[in-house]
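Novice: mmCIF, C-alpha atoms, file query23.cif:
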```
data_upload
loop_
_atom_site.label_atom_id
_atom_site.label_comp_id
_atom_site.auth_asym_id
_atom_site.auth_seq_id
_atom_site.Cartn_x
_atom_site.Cartn_y
_atom_site.Cartn_z
CA MET G 4 55.91 29.18 54.23
CA THR G 5 52.13 29.42 54.65
CA ASP G 6 51.77 30.48 58.30
CA PRO G 7 49.33 33.45 58.00
CA THR G 8 50.79 35.28 61.03
CA LEU G 9 54.31 35.22 59.57
CA LEU G 10 53.00 36.27 56.16
CA VAL G 11 51.16 39.26 57.68
CA LEU G 12 54.21 40.27 59.72
CA ALA G 13 56.42 39.96 56.62
CA SER G 14 53.96 42.09 54.66
CA LEU G 15 53.95 44.82 57.33
CA ALA G 16 57.75 44.76 57.69
CA ASP G 17 58.17 47.43 54.97
CA GLY G 18 55.38 49.74 56.11
CA GLU G 19 51.76 50.05 57.22
CA LYS G 20 48.97 48.42 55.17
CA HIS G 21 45.23 47.77 55.46
CA GLY G 22 43.63 44.34 54.97
CA TYR G 23 43.22 44.37 51.20
CA ALA G 24 46.73 45.78 50.64
CA MET G 25 48.12 42.96 52.82
CA MET G 26 46.21 40.34 50.80
CA GLU G 27 47.56 41.72 47.52
CA ASP G 28 51.10 42.03 48.86
CA ILE G 29 51.15 38.49 50.27
CA GLN G 30 49.83 37.09 47.00
CA ARG G 31 52.61 38.92 45.16
CA PHE G 32 55.60 37.97 47.32
CA ALA G 33 54.51 34.51 48.62
CA ASN G 34 52.07 33.43 45.91
CA VAL G 35 49.56 32.63 48.68
CA ARG G 36 46.01 33.98 48.65
CA LEU G 37 44.81 34.42 52.23
CA GLY G 38 41.02 34.33 52.52
CA PRO G 39 39.30 37.16 54.44
CA GLY G 40 38.62 34.89 57.42
CA THR G 41 42.20 33.65 57.60
CA LEU G 42 43.63 37.17 57.22
CA TYR G 43 41.49 38.67 59.97
CA GLY G 44 42.08 35.65 62.20
CA ALA G 45 45.83 36.32 61.90
CA ILE G 46 45.37 40.09 62.42
CA THR G 47 43.32 39.41 65.58
CA ARG G 48 45.99 37.06 67.03
CA LEU G 49 48.86 39.39 66.12
CA GLU G 50 47.17 42.42 67.67
CA GLN G 51 46.35 40.47 70.85
CA ARG G 52 50.03 39.48 71.15
CA GLY G 53 51.14 43.06 70.60
CA TRP G 54 53.06 42.27 67.40
CA ILE G 55 51.03 44.67 65.24
CA ARG G 56 48.94 47.73 66.05
CA LEU G 57 46.28 49.88 64.42
CA VAL G 58 47.39 53.15 62.84
CA GLY G 59 44.62 55.77 62.95
CA SER G 60 40.92 54.89 63.17
CA GLY G 61 38.95 57.16 60.84
CA ASP G 62 38.55 55.10 57.65
CA ARG G 63 36.88 51.70 57.35
CA ARG G 64 40.06 50.44 55.67
CA ARG G 65 42.25 50.75 58.74
CA PRO G 66 45.97 50.33 58.29
CA TYR G 67 48.20 48.33 60.65
CA CYS G 68 51.88 48.55 61.38
CA ILE G 69 54.35 46.10 62.91
CA THR G 70 55.53 46.83 66.50
CA GLY G 71 59.03 46.44 67.89
CA ALA G 72 58.07 43.12 69.50
CA GLY G 73 56.56 41.97 66.21
CA ARG G 74 59.75 42.87 64.34
CA GLU G 75 61.83 40.88 66.89
CA TYR G 76 59.53 37.86 66.57
CA LEU G 77 59.62 38.02 62.77
CA GLN G 78 63.40 38.32 62.82
CA ALA G 79 63.73 35.25 65.07
CA GLN G 80 61.35 33.18 62.94
CA LEU G 81 63.01 34.17 59.66
CA THR G 82 66.49 33.40 61.05
CA SER G 83 65.26 29.96 62.06
CA LEU G 84 63.63 29.44 58.66
CA ASP G 85 66.76 30.69 56.92
CA GLN G 86 68.78 28.07 58.81
CA VAL G 87 66.37 25.35 57.68
CA VAL G 88 66.41 26.57 54.05
CA LYS G 89 70.23 26.78 53.90
CA THR G 90 70.63 23.34 55.46
CA GLY G 91 68.06 21.82 53.11
CA ILE G 92 69.70 23.32 50.00
CA ARG G 93 73.20 22.25 51.14
CA ARG G 94 72.04 18.69 51.77
CA LEU G 95 70.22 18.51 48.44
CA LYS G 96 73.44 19.53 46.65
CA HIS G 97 75.43 16.80 48.40
CA ALA G 98 72.80 14.10 47.97
CA MET S 28 28.15 35.98 46.34
CA ARG S 29 29.32 39.18 48.05
CA PRO S 30 26.07 39.68 50.04
CA LEU S 31 26.26 36.03 51.12
CA ILE S 32 29.82 36.46 52.40
CA ARG S 33 28.82 39.71 54.12
CA TRP S 34 25.90 37.92 55.77
CA THR S 35 28.21 35.06 56.85
CA ALA S 36 30.55 37.63 58.42
CA ARG S 37 27.70 38.44 60.84
CA LEU S 38 28.31 35.04 62.43
CA TYR S 39 31.43 36.40 64.11
CA PRO S 40 30.98 37.12 67.84
CA ALA S 41 29.50 40.57 68.54
CA PRO S 42 32.57 41.95 70.43
CA TRP S 43 34.80 40.85 67.53
CA ARG S 44 32.47 42.52 65.02
CA ASP S 45 32.50 45.74 67.05
CA ARG S 46 36.27 45.86 66.65
CA TYR S 47 36.93 44.33 63.22
CA GLY S 48 33.50 44.14 61.53
CA GLU S 49 33.79 47.32 59.43
CA GLU S 50 37.29 46.41 58.28
CA LEU S 51 36.20 42.91 57.25
CA ASP S 52 33.17 44.34 55.39
CA ALA S 53 35.46 46.78 53.57
CA LEU S 54 37.81 43.92 52.62
CA ILE S 55 34.87 41.87 51.29
CA GLU S 56 33.89 44.88 49.14
CA ASP S 57 37.44 45.16 47.76
CA ILE S 58 38.11 41.55 46.77
CA GLN S 59 36.80 39.53 43.82
CA PRO S 60 34.75 37.08 45.90
CA GLU S 61 35.04 33.34 45.31
CA TRP S 62 33.24 30.35 46.84
CA GLU S 63 36.37 29.62 48.84
CA ASP S 64 36.03 33.02 50.51
CA LEU S 65 32.54 32.14 51.73
CA PHE S 66 33.81 28.98 53.45
CA ASN S 67 36.88 30.83 54.66
CA VAL S 68 34.76 33.49 56.37
CA LEU S 69 32.41 30.83 57.78
CA LEU S 70 35.34 28.87 59.22
CA GLY S 71 36.88 32.07 60.59
CA ALA S 72 33.58 32.96 62.30
CA LEU S 73 33.27 29.49 63.83
CA ARG S 74 36.85 29.57 65.10
CA MET S 75 36.32 33.01 66.60
CA GLN S 76 33.07 31.84 68.23
CA MET S 77 34.93 28.89 69.76
CA THR S 78 37.57 31.16 71.28
CA THR S 79 34.91 33.24 73.02
CA TRP S 80 32.90 30.29 74.32
CA ASN S 81 33.42 29.05 77.83
CA TYR S 82 33.81 25.34 78.50
CA LEU S 83 30.21 24.97 79.68
CA LYS S 84 28.92 26.33 76.36
CA VAL S 85 31.13 23.91 74.40
CA VAL S 86 29.90 20.92 76.43
CA ALA S 87 26.27 22.09 76.11
CA ALA S 88 26.60 22.63 72.35
CA VAL S 89 28.17 19.20 71.73
CA ALA S 90 25.56 17.56 73.99
CA LEU S 91 22.75 19.21 72.01
CA ALA S 92 24.38 18.16 68.74
CA GLY S 93 24.57 14.59 70.10
CA ALA S 94 20.87 14.68 71.02
CA LEU S 95 20.01 16.05 67.57
CA VAL S 96 21.97 13.34 65.74
CA ALA S 97 20.45 10.66 68.01
CA GLY S 98 16.97 12.13 67.39
CA VAL S 99 17.39 11.98 63.61
CA PHE S 100 18.70 8.41 63.96
CA ALA S 101 15.81 7.43 66.28
CA PHE S 102 13.14 8.74 63.92
CA ARG S 103 14.70 6.92 60.97
CA ILE S 104 14.34 3.56 62.75
CA GLN S 105 11.15 1.73 61.86
CA ASP S 106 8.63 1.03 64.63
CA ARG S 107 8.49 -2.62 65.80
CA TYR S 108 5.26 -3.92 67.34
CA VAL S 109 5.05 -7.18 69.26
CA SER S 110 1.80 -9.14 69.45
CA THR S 111 1.55 -11.94 72.02
CA ALA S 112 -0.77 -14.87 72.77
CA VAL S 113 -0.66 -17.41 75.59
CA MET S 114 -1.63 -21.09 75.09
CA ARG S 115 -2.38 -23.50 77.87
CA ILE S 116 -1.25 -27.13 77.67
CA ALA S 117 -1.74 -30.27 79.70
CA PRO S 118 1.18 -30.89 82.11
CA ALA S 119 1.92 -34.16 80.33
CA GLY S 120 2.08 -32.44 76.95
CA MET S 121 5.13 -30.26 77.55
CA ASP S 122 7.49 -32.49 75.60
CA ARG S 123 5.05 -32.95 72.74
CA VAL S 124 4.70 -29.22 72.13
CA ALA S 125 8.30 -29.14 70.95
CA GLU S 126 7.39 -31.48 68.10
CA LEU S 127 4.34 -29.34 67.20
CA GLN S 128 6.55 -26.27 67.32
CA ARG S 129 9.02 -27.88 64.91
CA GLN S 130 6.19 -28.57 62.46
CA ILE S 131 4.71 -25.07 62.72
CA LEU S 132 8.03 -23.28 62.34
CA SER S 133 8.78 -25.31 59.22
CA ARG S 134 9.62 -23.59 55.94
CA LYS S 135 6.28 -24.79 54.50
CA ILE S 136 4.01 -23.18 57.08
CA LEU S 137 6.04 -19.99 57.66
CA GLY S 138 6.62 -19.57 53.91
CA GLU S 139 2.89 -19.85 53.32
CA ILE S 140 2.19 -17.20 56.00
CA ILE S 141 4.82 -14.86 54.58
CA THR S 142 3.56 -15.08 50.98
CA ARG S 143 -0.15 -15.03 51.73
CA PRO S 144 -1.49 -12.00 49.78
CA SER S 145 -3.50 -10.71 52.77
CA LEU S 146 -0.31 -10.59 54.88
CA ASP S 147 2.46 -10.05 52.30
CA LEU S 148 5.26 -10.00 54.91
CA TYR S 149 8.80 -8.71 54.32
CA PRO S 150 8.24 -7.54 50.70
CA GLU S 151 11.64 -5.75 50.61
CA ASP S 152 13.56 -8.76 51.94
CA ARG S 153 11.81 -11.11 49.52
CA ARG S 154 13.01 -8.99 46.60
CA LYS S 155 16.60 -9.17 47.84
CA MET S 156 16.97 -12.75 49.17
CA PRO S 157 15.52 -16.24 48.69
CA LEU S 158 12.38 -17.20 50.65
CA GLU S 159 14.41 -19.72 52.72
CA ASP S 160 16.50 -16.87 54.13
CA VAL S 161 13.41 -14.72 54.84
CA VAL S 162 11.83 -17.68 56.68
CA ALA S 163 15.04 -18.24 58.68
CA ASN S 164 15.17 -14.55 59.65
CA MET S 165 11.52 -14.59 60.70
CA ARG S 166 12.02 -17.77 62.75
CA ASN S 167 15.24 -16.61 64.43
CA LYS S 168 14.66 -12.89 64.90
CA ALA S 169 10.94 -12.08 64.94
CA LEU S 170 9.21 -15.16 66.33
CA ARG S 171 9.36 -16.29 69.95
CA ILE S 172 7.82 -19.37 71.59
CA GLN S 173 8.58 -19.54 75.27
CA PHE S 174 7.34 -21.88 78.02
CA MET S 175 5.98 -20.29 81.18
CA GLN S 176 3.82 -20.95 84.25
CA THR S 177 0.57 -18.98 84.47
CA GLN S 178 0.24 -16.86 87.58
CA GLY S 179 -2.02 -18.11 90.38
CA GLU S 180 -2.91 -21.61 89.21
CA GLY S 181 0.59 -22.37 87.92
CA VAL S 182 -0.78 -24.08 84.81
CA PRO S 183 1.86 -24.96 82.17
CA ALA S 184 1.57 -22.63 79.21
CA PHE S 185 3.59 -21.17 76.43
CA LEU S 186 3.78 -17.77 74.89
CA VAL S 187 3.71 -17.11 71.14
CA SER S 188 4.90 -13.66 70.02
CA PHE S 189 5.76 -12.02 66.73
CA GLU S 190 7.51 -8.72 66.05
CA TYR S 191 6.71 -6.65 62.93
CA PRO S 192 6.51 -2.98 61.82
CA ASP S 193 2.74 -3.29 61.17
CA LYS S 194 0.80 -3.95 64.39
CA LEU S 195 -2.25 -5.41 62.62
CA LYS S 196 -0.10 -7.88 60.69
CA ALA S 197 1.80 -8.76 63.88
CA ARG S 198 -1.49 -9.78 65.50
CA LEU S 199 -2.69 -11.63 62.37
CA VAL S 200 0.53 -13.67 62.25
CA VAL S 201 0.23 -14.66 65.93
CA ARG S 202 -3.40 -15.62 65.27
CA GLU S 203 -2.25 -17.78 62.32
CA LEU S 204 0.39 -19.46 64.48
CA VAL S 205 -2.05 -20.16 67.32
CA THR S 206 -4.52 -21.62 64.80
CA ALA S 207 -1.73 -23.70 63.28
CA PHE S 208 -0.87 -25.12 66.73
CA ILE S 209 -4.49 -26.16 67.31
CA GLU S 210 -4.90 -27.57 63.78
CA GLN S 211 -1.63 -29.50 63.89
CA ASN S 212 -2.59 -30.92 67.28
CA ALA S 213 -6.01 -31.96 65.89
CA VAL S 214 -4.31 -33.70 62.96
CA ALA S 215 -1.93 -35.43 65.39
CA HIS S 216 -4.94 -36.63 67.40
CA ARG S 217 -6.77 -37.91 64.31
CA THR S 218 -3.74 -39.77 63.03
CA ARG S 219 -2.82 -40.92 66.58
CA GLN S 220 0.67 -39.43 66.38
CA PRO S 221 2.76 -39.44 69.58
CA SER S 222 3.02 -35.60 69.37
CA ALA S 223 -0.72 -35.16 70.08
CA VAL S 224 -1.40 -33.10 73.24
CA ASP S 225 -4.56 -33.78 75.26
CA ILE S 226 -5.23 -30.19 76.26
CA LEU S 227 -4.15 -27.30 74.06
CA GLU S 228 -6.21 -24.14 74.22
CA VAL S 229 -5.85 -20.37 73.93
CA LEU S 230 -5.54 -18.72 77.33
CA ASP S 231 -4.88 -15.16 76.11
CA PRO S 232 -5.80 -14.35 72.48
CA PRO S 233 -3.31 -12.40 70.32
CA ASN S 234 -3.31 -8.77 71.47
CA LEU S 235 -3.18 -5.67 69.27
CA PRO S 236 -0.11 -3.76 70.51
CA GLU S 237 -0.90 -0.09 71.00
CA ARG S 238 2.67 1.15 71.29
CA PRO S 239 5.79 -0.04 69.48
CA LEU S 240 8.26 -2.00 71.59
CA TYR S 241 11.20 -0.59 69.59
CA PRO S 242 12.69 1.92 69.18
CA ASN S 243 12.68 3.62 72.56
CA ARG S 244 13.14 7.09 71.12
CA PRO S 245 13.35 9.09 74.38
CA MET S 246 16.04 6.66 75.54
CA ILE S 247 18.03 7.02 72.28
CA VAL S 248 17.85 10.85 72.47
CA THR S 249 18.92 10.76 76.15
CA VAL S 250 21.88 8.52 75.29
CA GLY S 251 22.79 10.95 72.47
CA LEU S 252 22.58 13.89 74.88
CA PHE S 253 24.81 12.29 77.51
CA GLY S 254 27.15 10.84 74.87
CA GLY S 255 27.50 14.33 73.38
CA ALA S 256 28.17 15.81 76.83
CA VAL S 257 30.94 13.26 77.47
CA LEU S 258 32.40 13.95 74.01
CA GLY S 259 32.23 17.72 74.67
CA LEU S 260 33.97 17.24 78.01
CA LEU S 261 36.73 15.20 76.34
CA ALA S 262 37.10 17.88 73.64
CA VAL S 263 37.44 20.55 76.33
CA LEU S 264 40.06 18.49 78.18
CA VAL S 265 42.06 17.95 74.95
CA TRP S 266 41.68 21.64 74.11
CA ARG S 267 42.86 22.73 77.56
CA SER S 268 45.86 20.42 77.50
CA THR S 269 46.78 21.65 73.99
CA VAL S 270 46.52 25.31 75.01
CA HIS S 271 48.49 24.56 78.22
CA SER S 272 51.29 22.80 76.29
CA GLN S 273 51.44 25.72 73.80
CA LYS S 274 51.79 28.22 76.66
CA THR S 275 54.60 26.27 78.32
#
```
How does the structure come out when it is put into structure tokens?

Specialist:
Amino acid sequence: MTDPTLLVLASLADGEKHGYAMMEDIQRFANVRLGPGTLYGAITRLEQRGWIRLVGSGDRRRPYCITGAGREYLQAQLTSLDQVVKTGIRRLKHA
Amino acid sequence: MRPLIRWTARLYPAPWRDRYGEELDALIEDIQPEWEDLFNVLLGALRMQMTTWNYLKVVAAVALAGALVAGVFAFRIQDRYVSTAVMRIAPAGMDRVAELQRQILSRKILGEIITRPSLDLYPEDRRKMPLEDVVANMRNKALRIQFMQTQGEGVPAFLVSFEYPDKLKARLVVRELVTAFIEQNAVAHRTRQPSAVDILEVLDPPNLPERPLYPNRPMIVTVGLFGGAVLGLLAVLVWRSTVHSQKT
């Protein structure tokens, strides 16, 4: 899974994070290094769609959190992915 | 590296930078920058610019890019000058000129013109291919002998022209060819050959072309501009249909 929007949503699912924390987290759990341009492209799209929002605005390193709509979208995408993964593994075993 | 990435981040659209610029700068300060990050930020900036452009700007930008590419192409093409002379012939000599022409455009005479040190034609081609091929190219692509009627009196005549990147050499070659026609005709007369023409004289001497005939650079740039505009329009249409299909 390398879709930056899903990776950002998955990173924010356990709590608010700023850009660098998201990059580190994503590298740790998905082994994918998102470049600064890719990360902020995803953040821009996600905020426009209302799936994440800014938390506070004082520091330059502004944290974001996932919204209810974002959580629902992530849930739907992960369920779909889970279905694909389970089917793929089952078929590989029987092949 | 870091200052370069920070500078590249300034390529994002101003409204985007007002909202996310400080955060992106802070992120660039936090990471261990790599070359990939530079291209990543550049690509991100370009993508963000594209999303804020209206269709007219996209079409205009692609049209300008087309004109620029065409301009570079046009200025890389070598100039081609064409020198021309007109020779008058007796009405009865029309058929005989063809025989003279065959003699003058022979490998012997053209080869001698090409390799003459004062002319030294096609030096690059001569390094790459045999002289026979260079002569054939000159005969088929650069030389033109065409029958015509002079205006007013309607006297039979023919035109001798030669195309070359050097305008002085273009004129010298036409002069050589005109001289060769007269000399060959004189020989034919002396030896009473059937190809001898009674009247063969220069009506218009070889001219020195002031402007190149090719390339027509303004035309190439204009074609590039309009080609780019059409390409931009197509890109916009594809873009719109993609966005529309994603929304539905």

Novice: Rounded to one decimal in Å, what is the spacing between atom CA of Leu65 of chain S and atom CA of Lys20 of chain G?

Specialist: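 Distance between the two atoms: 23.4 Å.
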
Novice: Excluding Asp28 of chain G and its own-chain neighbours fewer than 5 positions away, which residues fall within 9 Å of it when counting only C-alpha atoms? Please give them as a CSV table (one decimal) with C-alpha atoms, in the frame of the given file.

Specialist:
```
chain,number,residue,atom,x,y,z
G,14,SER,CA,54.0,42.1,54.7
G,23,TYR,CA,43.2,44.4,51.2
G,33,ALA,CA,54.5,34.5,48.6
```

Novice: Using all atoms listed in the file, which residue out of G:Ile55, G:Ile46, G:Val87, G:Ala79 lies closest to chain S?

Specialist: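 Ranking G:Ile55, G:Ile46, G:Val87, G:Ala79 by distance to chain S, first place goes to G:Ile46.
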
Novice: I'd like to see the residues matched by the PyMOL selection byres ((chain G) within 12 of (chain S)) on this file, and ideally I'd get them as a PyMOL selection string.

Specialist: chain G and resi 21-27+36-48+50+57+60-67

Novice: What does the PyMOL selection byres ((chain S and resi 191) around 12) select in this file, as a ChimeraX atom specification?

Specialist: /S:105-111,141,146-149,165,168-170,188-190,192-201,235-236,239-241

Novice: Give the answer as one residue: which of G:Phe32, G:Leu9, G:Trp54, G:Leu95 has the shortest atom-to-atom distance to Gly73 of chain G, using only C-alpha atoms?

Specialist: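 Once distances to Gly73 of chain G are computed over only C-alpha atoms, the minimum belongs to G:Trp54.
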
Novice: Show me the residues close to (28.0, 9.4, 72.4) - anything with an atom within 10 Å, counting only C-alpha atoms - and format the list as a tab-separated table (two decimals) with C-alpha atoms, keeping the file's coordinate frame.

Specialist:
```tsv
chain	number	residue	atom	x	y	z
S	89	VAL	CA	28.17	19.20	71.73
S	90	ALA	CA	25.56	17.56	73.99
S	93	GLY	CA	24.57	14.59	70.10
S	94	ALA	CA	20.87	14.68	71.02
S	96	VAL	CA	21.97	13.34	65.74
S	97	ALA	CA	20.45	10.66	68.01
S	249	THR	CA	18.92	10.76	76.15
S	250	VAL	CA	21.88	8.52	75.29
S	251	GLY	CA	22.79	10.95	72.47
S	252	LEU	CA	22.58	13.89	74.88
S	253	PHE	CA	24.81	12.29	77.51
S	254	GLY	CA	27.15	10.84	74.87
S	255	GLY	CA	27.50	14.33	73.38
S	256	ALA	CA	28.17	15.81	76.83
S	257	VAL	CA	30.94	13.26	77.47
S	258	LEU	CA	32.40	13.95	74.01
S	259	GLY	CA	32.23	17.72	74.67
```

Novice: Atom CA of Asp160 of chain S to atom CA of Leu204 of chain S: how many Å, to one decimal?

Specialist: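 Between atom CA of Asp160 of chain S and atom CA of Leu204 of chain S the gap works out to 19.3 Å.
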
Novice: Applied to the shown file, which residues does the PyMOL selection byres ((chain S and resi 112) around 6) return, written as an NGL selection string?

Specialist: :S and (111 or 113 or 186-187 or 231-233)

Novice: Interatomic distance between atom CA of Arg238 of chain S and atom CA of Ile116 of chain S?

Specialist: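 Result for atom CA of Arg238 of chain S versus atom CA of Ile116 of chain S: 29.3 Å, one decimal.
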
Novice: Looking at S:Ile172, S:Ile247, S:Ala88, S:Leu127, which one is nearest to Ala215 of chain S, with distances taken over all atoms listed in the file?

Specialist: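 For Ala215 of chain S, the nearest of the given residues is S:Leu127.
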
Novice: As JSON, please report the centre and edge lengths, rounded to one decimal in Å, of the axis-aligned box that holds all listed atoms of segment 18-23 of chain G with 3 Å of padding on each of the six sides.

Specialist:
```
{"center_x": 49.3, "center_y": 47.2, "center_z": 54.2, "size_x": 18.2, "size_y": 11.7, "size_z": 12.0}
```

Novice: Could you name the residues that touch Thr8 of chain G at 7 Å or less, counting only C-alpha atoms, but leaving out those on the same chain fewer than 2 positions away, as an MDAnalysis selection string?

Specialist: chainID G and resid 6 10:12 45 49
